[in-house]
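Step one of this worksheet: look at the structure below.
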Amino acid sequence: MATQNTKTLARLMMAPSVLLLLVWMVVPLAMTLWFSFQNYNLLDPSNVGFAGTFNYEFFYTDPAFFQSIWNTLVLVLGVLFITVTGGIAIGLLLDQPMFGQGIVRILVISPFFVMPPVAALVWKNMIMHPGYGVFADIARFFGLQPIDWFAQYPLFSIIIIVAWQWLPFATLILLTALQSLDSEQKEAAEMDGANFFNRFIYLVMPHLARSITVVVLIQTIFLLGVYAEILVTTNGGPGYASTNIAFLIYRTALLGYDVGGASAGGIIAVILANIVAFFLMRAVGKNLDR
Amino acid sequence: MGSITLKNVSKVFGEAKVIPSVDLEIKDGEFVVFVGPSGSGKSTLLRLIAGLEDVSGGQILINGKDYTNNAPADRGLAMVFQSYALYPHMSVRKNIAFPLKMAKLDQSVIDKKVGDAARILNLTDYLERRPSQLSGGQRQRVAIGRAIVREPSAFLFDEPLSNLDAALRGSMRLEITDLHHQLKTTMVYVTHDQIEAMTMADKIVVLNRGNIEQVGSPMELYKTPRNIFVAGFIGSPRMNLLDGAYAKSKGAHTVGIRPEHVTLSKESGLWKATVSVAEHLGADTFLHLNVDGIGPMTARAGGEFGATYGDTVYVTPDDSKMHRFDDKGLAIASPLTGA
Amino acid sequence: MARSVTTRQKVIATIAAWTVGLIIFFPILYTIITSFKTEPEAIAGFSLIPSGTFENYITVQTQRDYIKPFMNSVVLSVGSTILALIIAVPGAWAMAFSPTKRTKDILMWMLSTKMMPAVAVLVPIYLMFRDFGLLDSRIGLTIMLTLINLPIVIWMLYTYFREIPGEILEASRMDGAGLWQEIVYVLTPMAVPGIASTMLLNIILAWNESFWSIRLTTVEAAPLTAFIASFSSPQGLFWAKLSAASTMAIAPILILGWFSQKQLVRGLTFGAVK
């Protein structure tokens with residue numbers, strides 16, 4: 001019974017969450033927008049003034065900007081490709097009857113709970129180190145020259161680490177979706193003469209489509225902001241070879257002390273994220289109507 | 001004591017007039033069934049009586065006293081929900097005891113009443129289980145148990161059997177009817193299943209689009225439906241409704257002939273027909289016919305009537321049991337006087 | 001028949017799945033093994049058998065004071081989670097049980113705040129923290145973690161609360177329960193599992209948050225994420241000790257995580273996949 005009283009109470013109960021998030025969203029964003037049009041360097045606080053679009057032009061003409069946009073794209077798409085295809089494959093495998101399924105699930109899901117700095121350091125030192133890493137041991141076992149991963153393939157190395165962290169997420173969600181596929185549907189398809197490959201194309205993939213969309217969109221949101229993995233492995237280098245937008249803004253702001261420039265970069269990052277967010281919201285919103 | 005009176009009750013959701021205006025008298029001890037297709041407003045009407053929805057207009061009297069604006073708990077009614085609405089975190093005993101606990105009765109009184117209810121409903125062995133450990137029929141009984149311990153002035157049932165399988169539905173139907181005979185308390189029962197309505201009710205209220213089409217005992221509705229809607233809704237298989245020249249010859253816009261009110265013969269009769277489907281149920285045979293010059297029709301024959309697909313049979317309607325309707329769908333005079 | 005799987009198929013699936021599982025888990029396993037090696041052993045080439053020393057764990061504590069960042073992580077993740085729950089429970093409750101036409105829009109808007117890239121507001125947040133003296137303070141970082149996880153907490157709670165069927169609440173009203181009794185006897189017991197799952201997942205997310213926790217702290221309030229990140233330039237700390245520190249940093253949350261697999265799917269997809 002929605003009486004006037006309960007409506008007022010409901011508004012009061014929602015007020016703290018709404019107000020906090022409103023402030024949290026509006027205030028810093030407004031400040032970023034303001035700073036992005038200012039000349040403001042922390043090393044030279046006296047020289048503050050209106051800069052017009054200078055910061056945007058500066059950011060835009062910086063060769064590092066395009067490289068970092070490109071790196072961001074490669075990083076996001078690379079990780080998405082590995083995690084989605086890997087997630088489908090492992091999901092299909094774990095959906096089969098087997099011994100010790102629960103334990104395998106735990107093994108597969110574990111990397112997700114490893115904090116990013118640990119993941120990055122473990123891969124950097126224990127696995128990919130050119131001298132003492134496991135990859136180097138394997139290379140030497142086959143009589144090959146060990147690869148110096150972070151010097152030769154810095155961005156690819158970071159993609160591998162990030163993909164390792166997100167593979168469990170994709171696997172878990174796609175496995176959950178696979179398990180929700182009606183087994184009678186599968187049996188009906190078998191009766192209709194569909195082999196494994198056909199069942200996968202015509203039955204499993206359409207069923208997974210929505211979950212794959214969700215995985216892609218949510219991962220994209222997080223992958224656009226990859227930071228700690230870069231900080232502890234390559235620190236963006238060599239040069240700008242593994243610098244993404246997030247890391248470039250951090251460099252500009254806290255290493256270059258250029259508040260205006262970093263803010264302009266921040267606004268660009270917001271625009272990028274909004275494009276992705278638009279599609280994610282539509283996917284999630286549809287689910288609400290159900 | 002449990003009489004319920006609805007005076008000019010209406011309900012509006014936003015723009016939609018779900019119930020335009022309803023007047024109804026439910027006597028103490030009566031078993032009243034609200035029946036109608038989905039969207040007919042039967043559940044809404046029940047929820048208005050329960051107080052789970054506010055009325056948009058009119059009055060609801062319980063035992064002659066105006067309860068229109070009282071909270072559900074104050075009305076002295078108990079309700080059994082379609083989903084049973086058992087509290088999943090409480091044992092069967094605690095579920096049944098909950099309304100008594102809310103009424104702040106002594107623990108000893110609660111224990112006795114819960115024990116009595118469990119005995120009536122065969123739940124004594126299940127009192128310590130959680131609802132999730134029970135079968136559908138047992139859950140249904142717990143929901144009923146929770147209702148009877150309150151000794152309400154009336155029970156409200158909202159499609160209580162629709163989640164059960166056919167066999168269980170049949171036996172629960174008997175149990176509820178039997179319970180009504182034992183308790184002699186007013187029961188208001190909502191269903192879309194006309195068989196439940198026919199078998200359980202003292203009085204059936206047929207609803208359509210928020211309006212009461214007809215109120216009466218099951219046999220009254222069967223014998224003298226007031227209009228085509230009621231005629232088509234009550235009775236199984238459905239009444240055959242025929243328009244056209246034949247209806248005109250009987251002085252009506254439409255005539256209704258129940259499948260059981262025709263004579264079938266393999267030699268001769270009024271109409272020649274071809275069998276399209278024959279359903280042999282053992283005791284009865286239902287023939288779905290294509291009658292020459294009339295169209296499709298359903299007829300009941302005896303169990304021994306050996307007709308099958310493609311056979312030719314002859315149909316003669318029983319004029320004395322024919323229903324006649326005018327162009328507005330209302331019944332004309334008494335069907336027994338049909339020409 | 002498809003459903004009656006032969007033992008052979010099952011054995012093949014088992015071997016394949018365990019191989020994949022062990023490869024994915026290997027970096028974690030190898031870190032744990034290495035943490036029990038001596039430093040010379042750790043760089044002596046591939047080996048799965050450590051000498052079983054606990055020396056690294058002791059060294060990490062004595063040289064780098066592991067307990068302090070650990071306690072910071074506990075305080076920050078639990079504190080921010082409780083704070084977020086206190087703010088979110090009434091809001092999610094109101095949206096689930098007295099929804100209005102705008103409820104959906106409000107929920108979507110809340111979700112959208114989660115999508116703001118952290119770097120975009122790094123500068124103003126950093127400057128505000130500096131001006132309010134919140135840099136490197138537990139209070140400051142707790143507020144940050146609360147804010148960034150609040151949308152997820154509200155969403156998770158909302159999806160749990162919404163699953164409590166309306167008929168049960170109506171039944172309790174018919175049974176004579178007043179608003180207060182309805183909350184105490186019916187709603188709260190049914191909501192507790194959802195609140196617990198939300199809490200668990202949020203602790204994990206807060207524990208592993210690695211942008212603000214690294215940027216806004218230096219020493220005093222630094223949680224394990226910042227502590228470990230500082231190892232990227234090892235000063236007298238090598239493979240085995242790094243492994244010991246890493247193992248201690250991830251062990252508690254790994255175990256919590258294993259218990260919250262199902263909630264994880266739901267929480268991180270905002271209820272879009274269950």
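The way I read the labels, and the way they are meant: chains A, B, ... in the order of the structure tokens, residue 1 as the first residue of every chain, and ligand 1 as the first ligand shown, with later ones counted on from there.
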Exercise for review: Give me every alpha helix (DSSP H) residue in stretch 97-136 of chain A, going by DSSP on the backbone, as an MDAnalysis selection string.
Suggested key: chainID A and resid 101:109 116:122 134:136
Create the file for the chosen residues now, containing C-alpha atoms and written as an mmCIF file, in the first residue's frame.
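The new file part.cif reads:
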data_model
loop_
_atom_site.group_PDB
_atom_site.id
_atom_site.type_symbol
_atom_site.label_atom_id
_atom_site.label_comp_id
_atom_site.auth_asym_id
_atom_site.auth_seq_id
_atom_site.Cartn_x
_atom_site.Cartn_y
_atom_site.Cartn_z
ATOM 1 C CA GLN A 101 34.811 -30.055 -10.625
ATOM 2 C CA GLY A 102 34.519 -27.907 -7.495
ATOM 3 C CA ILE A 103 38.285 -27.811 -6.985
ATOM 4 C CA VAL A 104 38.988 -26.985 -10.635
ATOM 5 C CA ARG A 105 36.514 -24.131 -10.384
ATOM 6 C CA ILE A 106 38.385 -22.774 -7.381
ATOM 7 C CA LEU A 107 41.729 -23.054 -9.217
ATOM 8 C CA VAL A 108 40.354 -21.204 -12.232
ATOM 9 C CA ILE A 109 38.610 -18.453 -10.278
ATOM 10 C CA PRO A 116 46.752 -6.146 -9.159
ATOM 11 C CA PRO A 117 50.191 -5.223 -7.724
ATOM 12 C CA VAL A 118 50.785 -8.799 -6.596
ATOM 13 C CA ALA A 119 49.665 -10.195 -9.939
ATOM 14 C CA ALA A 120 51.972 -7.831 -11.794
ATOM 15 C CA LEU A 121 54.972 -8.438 -9.538
ATOM 16 C CA VAL A 122 54.588 -12.202 -9.557
ATOM 17 C CA VAL A 134 59.766 -19.815 -15.371
ATOM 18 C CA PHE A 135 59.447 -18.858 -19.055
ATOM 19 C CA ALA A 136 63.204 -18.409 -19.202
#
Exercise for review: Starting from chain C, keep only residues with some atom at most 9 Å from an atom of chain B, counting only C-alpha atoms, and report them as a PyMOL selection string.
Suggested key: chain C and resi 165-178+181+186+189-190
Point to revise | Best match for closeness to C:Ser137 among C:Arg8, C:Lys262, C:Arg64, C:Arg215, counting only C-alpha atoms | key: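 Counting only C-alpha atoms, the residue closest to C:Ser137 is C:Arg215.
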Review point. Suppose you want the space between atom CA of C:Met156 and atom CA of C:Gly194; what is it in Å?
Key: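 It comes out at 7.9 Å.
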Exercise for review: For chain A, report every residue with an atom at most 6 Å from chain C (counting only C-alpha atoms), formatted as a PyMOL selection string.
Suggested key: chain A and resi 10+13-14+17+28+97-99+104+107-108+113-115+117-118+132+173+232+246+266+284
Go ahead and dump the residues you just picked, N, CA and C atoms, as a PDB file, in the first residue's frame.
ATOM      1  N   ALA A  10      10.324   6.676   2.017  1.00  0.00           N
ATOM      2  CA  ALA A  10      11.199   6.108   0.997  1.00  0.00           C
ATOM      3  C   ALA A  10      12.178   7.155   0.494  1.00  0.00           C
ATOM      4  N   MET A  13      14.863   7.687   2.991  1.00  0.00           N
ATOM      5  CA  MET A  13      15.809   6.573   3.066  1.00  0.00           C
ATOM      6  C   MET A  13      16.795   6.613   1.901  1.00  0.00           C
ATOM      7  N   MET A  14      16.347   7.130   0.769  1.00  0.00           N
ATOM      8  CA  MET A  14      17.223   7.164  -0.398  1.00  0.00           C
ATOM      9  C   MET A  14      18.145   8.374  -0.392  1.00  0.00           C
ATOM     10  N   SER A  17      22.220   8.124  -0.022  1.00  0.00           N
ATOM     11  CA  SER A  17      22.915   7.530  -1.172  1.00  0.00           C
ATOM     12  C   SER A  17      22.915   8.490  -2.346  1.00  0.00           C
ATOM     13  N   PRO A  28      34.047  16.705  -8.263  1.00  0.00           N
ATOM     14  CA  PRO A  28      35.369  16.506  -8.871  1.00  0.00           C
ATOM     15  C   PRO A  28      35.346  16.694 -10.393  1.00  0.00           C
ATOM     16  N   PRO A  97      30.846 -33.263 -17.395  1.00  0.00           N
ATOM     17  CA  PRO A  97      30.940 -34.031 -16.158  1.00  0.00           C
ATOM     18  C   PRO A  97      32.386 -34.455 -15.934  1.00  0.00           C
ATOM     19  N   MET A  98      32.874 -34.330 -14.725  1.00  0.00           N
ATOM     20  CA  MET A  98      34.270 -34.687 -14.432  1.00  0.00           C
ATOM     21  C   MET A  98      34.439 -34.928 -12.942  1.00  0.00           C
ATOM     22  N   PHE A  99      35.626 -35.377 -12.588  1.00  0.00           N
ATOM     23  CA  PHE A  99      35.940 -35.575 -11.178  1.00  0.00           C
ATOM     24  C   PHE A  99      36.549 -34.295 -10.613  1.00  0.00           C
ATOM     25  N   VAL A 104      38.523 -27.635  -9.409  1.00  0.00           N
ATOM     26  CA  VAL A 104      38.988 -26.985 -10.635  1.00  0.00           C
ATOM     27  C   VAL A 104      38.405 -25.575 -10.725  1.00  0.00           C
ATOM     28  N   LEU A 107      40.427 -23.357  -8.602  1.00  0.00           N
ATOM     29  CA  LEU A 107      41.729 -23.054  -9.217  1.00  0.00           C
ATOM     30  C   LEU A 107      41.570 -21.970 -10.279  1.00  0.00           C
ATOM     31  N   VAL A 108      40.527 -22.119 -11.109  1.00  0.00           N
ATOM     32  CA  VAL A 108      40.354 -21.204 -12.232  1.00  0.00           C
ATOM     33  C   VAL A 108      39.951 -19.807 -11.756  1.00  0.00           C
ATOM     34  N   PHE A 113      41.038 -12.897  -7.464  1.00  0.00           N
ATOM     35  CA  PHE A 113      41.123 -12.359  -6.101  1.00  0.00           C
ATOM     36  C   PHE A 113      42.526 -11.864  -5.762  1.00  0.00           C
ATOM     37  N   VAL A 114      43.435 -11.986  -6.707  1.00  0.00           N
ATOM     38  CA  VAL A 114      44.808 -11.526  -6.471  1.00  0.00           C
ATOM     39  C   VAL A 114      44.865 -10.027  -6.754  1.00  0.00           C
ATOM     40  N   MET A 115      45.333  -9.251  -5.800  1.00  0.00           N
ATOM     41  CA  MET A 115      45.367  -7.800  -6.005  1.00  0.00           C
ATOM     42  C   MET A 115      46.326  -7.462  -7.160  1.00  0.00           C
ATOM     43  N   PRO A 117      48.738  -5.324  -7.876  1.00  0.00           N
ATOM     44  CA  PRO A 117      50.191  -5.223  -7.724  1.00  0.00           C
ATOM     45  C   PRO A 117      50.856  -6.581  -7.522  1.00  0.00           C
ATOM     46  N   VAL A 118      50.213  -7.469  -6.797  1.00  0.00           N
ATOM     47  CA  VAL A 118      50.785  -8.799  -6.596  1.00  0.00           C
ATOM     48  C   VAL A 118      50.827  -9.544  -7.926  1.00  0.00           C
ATOM     49  N   TYR A 132      65.560 -15.353 -14.241  1.00  0.00           N
ATOM     50  CA  TYR A 132      65.137 -16.334 -13.250  1.00  0.00           C
ATOM     51  C   TYR A 132      63.690 -16.792 -13.414  1.00  0.00           C
ATOM     52  N   ILE A 173      31.331 -16.143 -15.454  1.00  0.00           N
ATOM     53  CA  ILE A 173      30.041 -15.647 -15.944  1.00  0.00           C
ATOM     54  C   ILE A 173      29.554 -16.486 -17.117  1.00  0.00           C
ATOM     55  N   VAL A 232      53.868  -1.108 -11.652  1.00  0.00           N
ATOM     56  CA  VAL A 232      54.879  -1.969 -11.030  1.00  0.00           C
ATOM     57  C   VAL A 232      55.687  -2.784 -12.018  1.00  0.00           C
ATOM     58  N   ALA A 246      45.201   6.227 -18.964  1.00  0.00           N
ATOM     59  CA  ALA A 246      45.185   6.407 -17.513  1.00  0.00           C
ATOM     60  C   ALA A 246      46.579   6.700 -16.989  1.00  0.00           C
ATOM     61  N   GLY A 266      41.942  13.972 -18.505  1.00  0.00           N
ATOM     62  CA  GLY A 266      40.855  13.356 -17.735  1.00  0.00           C
ATOM     63  C   GLY A 266      39.520  13.491 -18.440  1.00  0.00           C
ATOM     64  N   VAL A 284      22.274  -3.479 -19.354  1.00  0.00           N
ATOM     65  CA  VAL A 284      21.813  -3.745 -17.996  1.00  0.00           C
ATOM     66  C   VAL A 284      20.364  -3.289 -17.837  1.00  0.00           C
TER      67      VAL A 284
END
